[in-house]
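The file query.pdb contains PDB, C-alpha atoms:
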ATOM      1  CA  MET B   1       0.000   0.000   0.000
ATOM      2  CA  TYR B   2       2.799   2.423   0.836
ATOM      3  CA  GLY B   3       5.262   1.203  -1.744
ATOM      4  CA  ASP B   4       3.807   0.236  -5.075
ATOM      5  CA  PRO B   5       6.341  -1.032  -7.629
ATOM      6  CA  ALA B   6       5.994   2.010  -9.929
ATOM      7  CA  THR B   7       6.724   4.451  -7.085
ATOM      8  CA  ILE B   8       9.664   2.382  -5.861
ATOM      9  CA  ARG B   9      11.109   2.256  -9.386
ATOM     10  CA  LYS B  10      10.609   6.009  -9.837
ATOM     11  CA  ILE B  11      12.477   6.868  -6.645
ATOM     12  CA  LEU B  12      15.311   4.437  -7.306
ATOM     13  CA  THR B  13      15.824   5.207 -10.999
ATOM     14  CA  GLU B  14      14.416   8.635 -11.887
ATOM     15  CA  LEU B  15      14.513  11.115  -9.028
ATOM     16  CA  GLY B  16      18.233  11.646  -8.604
ATOM     17  CA  ASP B  17      21.191  10.049  -6.954
ATOM     18  CA  THR B  18      21.805  12.137  -3.824
ATOM     19  CA  TRP B  19      20.296  10.427  -0.808
ATOM     20  CA  ALA B  20      20.309  11.940   2.682
ATOM     21  CA  VAL B  21      20.182   9.032   5.124
ATOM     22  CA  VAL B  22      18.730  10.308   8.392
ATOM     23  CA  GLY B  23      20.024   8.268  11.306
ATOM     24  CA  LEU B  24      23.207   7.108   9.551
ATOM     25  CA  SER B  25      26.265   6.850  11.788
ATOM     26  CA  ASN B  26      29.391   4.702  11.939
ATOM     27  CA  ASN B  27      27.593   2.084  14.035
ATOM     28  CA  ARG B  28      28.060  -0.993  11.840
ATOM     29  CA  ASP B  29      25.371  -2.852  13.789
ATOM     30  CA  ARG B  30      22.629  -0.463  12.650
ATOM     31  CA  ALA B  31      20.628  -1.186   9.511
ATOM     32  CA  ALA B  32      21.317   2.294   8.133
ATOM     33  CA  TYR B  33      25.021   1.494   7.835
ATOM     34  CA  GLY B  34      24.480  -1.528   5.585
ATOM     35  CA  VAL B  35      21.689   0.053   3.541
ATOM     36  CA  ALA B  36      23.852   3.110   2.857
ATOM     37  CA  ARG B  37      26.640   0.834   1.598
ATOM     38  CA  VAL B  38      24.225  -0.912  -0.794
ATOM     39  CA  LEU B  39      22.956   2.438  -2.083
ATOM     40  CA  GLN B  40      26.549   3.478  -2.774
ATOM     41  CA  GLN B  41      27.183   0.227  -4.624
ATOM     42  CA  TYR B  42      24.306   1.157  -6.929
ATOM     43  CA  GLY B  43      25.729   4.603  -7.650
ATOM     44  CA  LYS B  44      23.889   6.707  -5.097
ATOM     45  CA  ARG B  45      25.652   9.471  -3.202
ATOM     46  CA  VAL B  46      24.873   8.876   0.456
ATOM     47  CA  VAL B  47      24.828  11.878   2.793
ATOM     48  CA  PRO B  48      24.848  10.947   6.505
ATOM     49  CA  VAL B  49      22.444  12.947   8.673
ATOM     50  CA  HIS B  50      22.945  12.363  12.382
ATOM     51  CA  PRO B  51      23.434  14.611  15.426
ATOM     52  CA  LYS B  52      27.082  13.473  15.560
ATOM     53  CA  ALA B  53      27.609  14.587  11.912
ATOM     54  CA  GLU B  54      30.093  11.748  11.381
ATOM     55  CA  THR B  55      31.801  10.910   8.108
ATOM     56  CA  VAL B  56      30.399   7.546   7.008
ATOM     57  CA  HIS B  57      31.412   5.514   3.955
ATOM     58  CA  GLY B  58      33.688   8.398   2.940
ATOM     59  CA  GLU B  59      30.913  11.018   2.921
ATOM     60  CA  PRO B  60      30.905  13.908   5.410
ATOM     61  CA  GLY B  61      27.910  13.992   7.709
ATOM     62  CA  TYR B  62      25.571  16.792   8.700
ATOM     63  CA  ALA B  63      23.664  17.325  11.933
ATOM     64  CA  SER B  64      20.373  18.040  10.110
ATOM     65  CA  LEU B  65      18.816  18.152   6.665
ATOM     66  CA  GLU B  66      18.861  21.949   6.836
ATOM     67  CA  ALA B  67      22.641  21.922   7.316
ATOM     68  CA  ILE B  68      23.309  20.181   3.973
ATOM     69  CA  PRO B  69      24.628  22.874   1.605
ATOM     70  CA  PHE B  70      23.476  21.197  -1.624
ATOM     71  CA  LYS B  71      20.303  19.682  -3.048
ATOM     72  CA  VAL B  72      19.194  16.318  -1.762
ATOM     73  CA  ASP B  73      16.993  14.227  -4.038
ATOM     74  CA  VAL B  74      15.746  11.558  -1.630
ATOM     75  CA  VAL B  75      15.543  11.517   2.167
ATOM     76  CA  ASP B  76      15.839   7.978   3.563
ATOM     77  CA  VAL B  77      14.523   7.871   7.129
ATOM     78  CA  PHE B  78      15.988   5.559   9.794
ATOM     79  CA  VAL B  79      14.328   7.045  12.873
ATOM     80  CA  ASN B  80      11.388   5.654  14.811
ATOM     81  CA  SER B  81       7.858   6.301  13.621
ATOM     82  CA  GLU B  82       7.221   8.957  16.274
ATOM     83  CA  LEU B  83      10.038  11.128  14.867
ATOM     84  CA  ALA B  84       9.669  10.267  11.184
ATOM     85  CA  GLY B  85       6.858  12.706  10.391
ATOM     86  CA  ALA B  86       8.967  15.690  11.396
ATOM     87  CA  VAL B  87      11.775  14.422   9.155
ATOM     88  CA  ALA B  88       9.337  14.109   6.231
ATOM     89  CA  ASP B  89       8.241  17.706   6.816
ATOM     90  CA  GLN B  90      11.893  18.820   6.839
ATOM     91  CA  ALA B  91      12.488  16.928   3.585
ATOM     92  CA  ALA B  92       9.700  18.907   1.943
ATOM     93  CA  ALA B  93      11.080  22.147   3.388
ATOM     94  CA  VAL B  94      14.564  21.567   1.918
ATOM     95  CA  GLY B  95      13.217  20.727  -1.534
ATOM     96  CA  ALA B  96      13.746  16.977  -1.671
ATOM     97  CA  GLU B  97      11.970  15.072  -4.435
ATOM     98  CA  ALA B  98      11.097  12.007  -2.360
ATOM     99  CA  VAL B  99      10.970  10.524   1.124
ATOM    100  CA  TRP B 100      11.612   6.874   1.935
ATOM    101  CA  PHE B 101      10.575   5.479   5.332
ATOM    102  CA  GLN B 102      12.419   2.270   6.161
ATOM    103  CA  LEU B 103      10.915  -1.054   7.199
ATOM    104  CA  GLY B 104       8.810  -0.623  10.313
ATOM    105  CA  VAL B 105       8.694   3.173  10.024
ATOM    106  CA  ILE B 106       5.038   4.074   9.541
ATOM    107  CA  ASP B 107       3.271   7.412   9.896
ATOM    108  CA  GLU B 108       0.145   7.598   7.757
ATOM    109  CA  ALA B 109      -0.421  11.304   8.422
ATOM    110  CA  ALA B 110       3.149  12.083   7.319
ATOM    111  CA  PHE B 111       2.638   9.920   4.222
ATOM    112  CA  ASP B 112      -0.453  11.955   3.290
ATOM    113  CA  ARG B 113       1.198  15.329   4.079
ATOM    114  CA  THR B 114       4.311  14.494   2.114
ATOM    115  CA  ARG B 115       2.394  13.399  -0.969
ATOM    116  CA  GLU B 116       0.114  16.448  -0.725
ATOM    117  CA  ALA B 117       3.272  18.592  -0.697
ATOM    118  CA  GLY B 118       4.172  17.065  -4.066
ATOM    119  CA  LEU B 119       6.871  14.638  -2.976
ATOM    120  CA  THR B 120       6.987  10.997  -3.946
ATOM    121  CA  MET B 121       6.975   8.706  -0.927
ATOM    122  CA  VAL B 122       7.485   5.082   0.024
ATOM    123  CA  MET B 123       6.907   3.805   3.530
ATOM    124  CA  ASP B 124       7.732   0.536   5.324
ATOM    125  CA  ARG B 125      10.123  -0.645   2.593
ATOM    126  CA  CYS B 126      13.911  -0.949   2.252
ATOM    127  CA  PRO B 127      15.782   0.337  -0.811
ATOM    128  CA  ALA B 128      18.579  -2.190  -0.250
ATOM    129  CA  ILE B 129      16.010  -4.928  -0.776
ATOM    130  CA  GLU B 130      14.232  -3.206  -3.669
ATOM    131  CA  ILE B 131      17.137  -1.871  -5.756
ATOM    132  CA  PRO B 132      18.753  -5.224  -6.671
ATOM    133  CA  ALA B 133      15.399  -6.365  -8.074
ATOM    134  CA  LEU B 134      15.295  -3.560 -10.652
TER     135      LEU B 134
END
Encoded form (structure tokens):
Amino acid sequence: MYGDPATIRKILTELGDTWAVVGLSNNRDRAAYGVARVLQQYGKRVVPVHPKAETVHGEPGYASLEAIPFKVDVVDVFVNSELAGAVADQAAAVGAEAVWFQLGVIDEAAFDRTREAGLTMVMDRCPAIEIPAL
């Protein structure tokens, strides 16, 4: 329901290659770390967004979406559902084309708001699972 194949394909192949990954740090045990590596392997530029603003996978990090000094195409969200809606709103505010909520991250109101704002959105899916299938 929140990730039809056409929308998934559009985000992964048409909307640009700069992905801000919110919640990405150097913690190798976190899903964000592995997903970011897969995105890089498929040619995506991964921009870490985390309060620590760490460099991850060779890319400098930023403390917030607003701190990124260049355009971000897709915002990939690795925060819990209670915080995800605010991140989706920030993605719209910075001019992102799409928002991707990871597996288990669900906020129906944010999904509706984000789409009404003109962004493409997928929720409760993982790009590292979807991209190899394309």
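Of the residues under consideration (B:Val35, B:Trp19, B:Val47, B:Phe101), B:Val47 shows the shortest atom-to-atom contact distance to B:Tyr62 when counting only C-alpha atoms.
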Next item on the list: Give the answer as one residue: which of B:Asp17, B:Ser25, B:Gln41, B:Asp124 has the shortest atom-to-atom distance to B:Ala63, using only C-alpha atoms?
Entry: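 Comparing B:Asp17, B:Ser25, B:Gln41, B:Asp124 against B:Ala63, the winner is B:Ser25.
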Next item on the list: Select, from B:Tyr2, B:Val22, B:Ser64, B:Phe70, the residue with the minimum atom-to-atom distance to B:Asp112, counting all atoms listed in the file.
Entry: B:Tyr2
Notebook entry, point to check: Looking at only C-alpha atoms, which of B:Ala109, B:Val38, B:Glu66, B:Phe78 is the one that sits closest to B:Gln90?
Noted result: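 Selected residue with least distance to B:Gln90: B:Glu66.
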Margin query: Expand the PyMOL selection byres ((chain B and resi 39) around 12) into the explicit residue set it covers here, and present it as a PyMOL selection string.
Written below: chain B and resi 12-13+17-21+32-38+40-47+57+74+76+126-132
Notebook entry, point to check: atom CA of B:Glu108 and atom CA of B:Met123 are how many Å apart?
Noted result: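 Atom CA of B:Met123 lies at a distance of 8.8 Å from atom CA of B:Glu108.
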Check: Which polymer residues have any atom within 9 Å of an atom of B:Ile106, counting all atoms listed in the file, with same-chain residues fewer than 4 positions away left out, as a list in words?
Finding: Asn80, Ser81, Glu82, Ala84, Gly85, Phe101, Gln102, Ala110, Phe111, Met123 and Asp124 of chain B
Next item on the list: Could you tell me which of B:Arg113, B:His50, B:Arg28, B:Arg125 comes closest to B:Ala86 if we count only C-alpha atoms?
Entry: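 Counting only C-alpha atoms, the residue closest to B:Ala86 is B:Arg113.
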Item checked: Separation of atom CA of B:Gly95 from atom CA of B:Pro51 in Å ->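 Straight-line distance from atom CA of B:Pro51 to atom CA of B:Gly95 works out to 20.7 Å.
Here atom CA of B:Ala96 is placed at a distance of 21.4 Å from atom CA of B:Thr55.
Minimum atom-to-atom distances from B:Val105, B:Ala91, B:Val77, B:Ile11 to B:Leu24 were compared using only C-alpha atoms, and the lowest value belongs to B:Val77.
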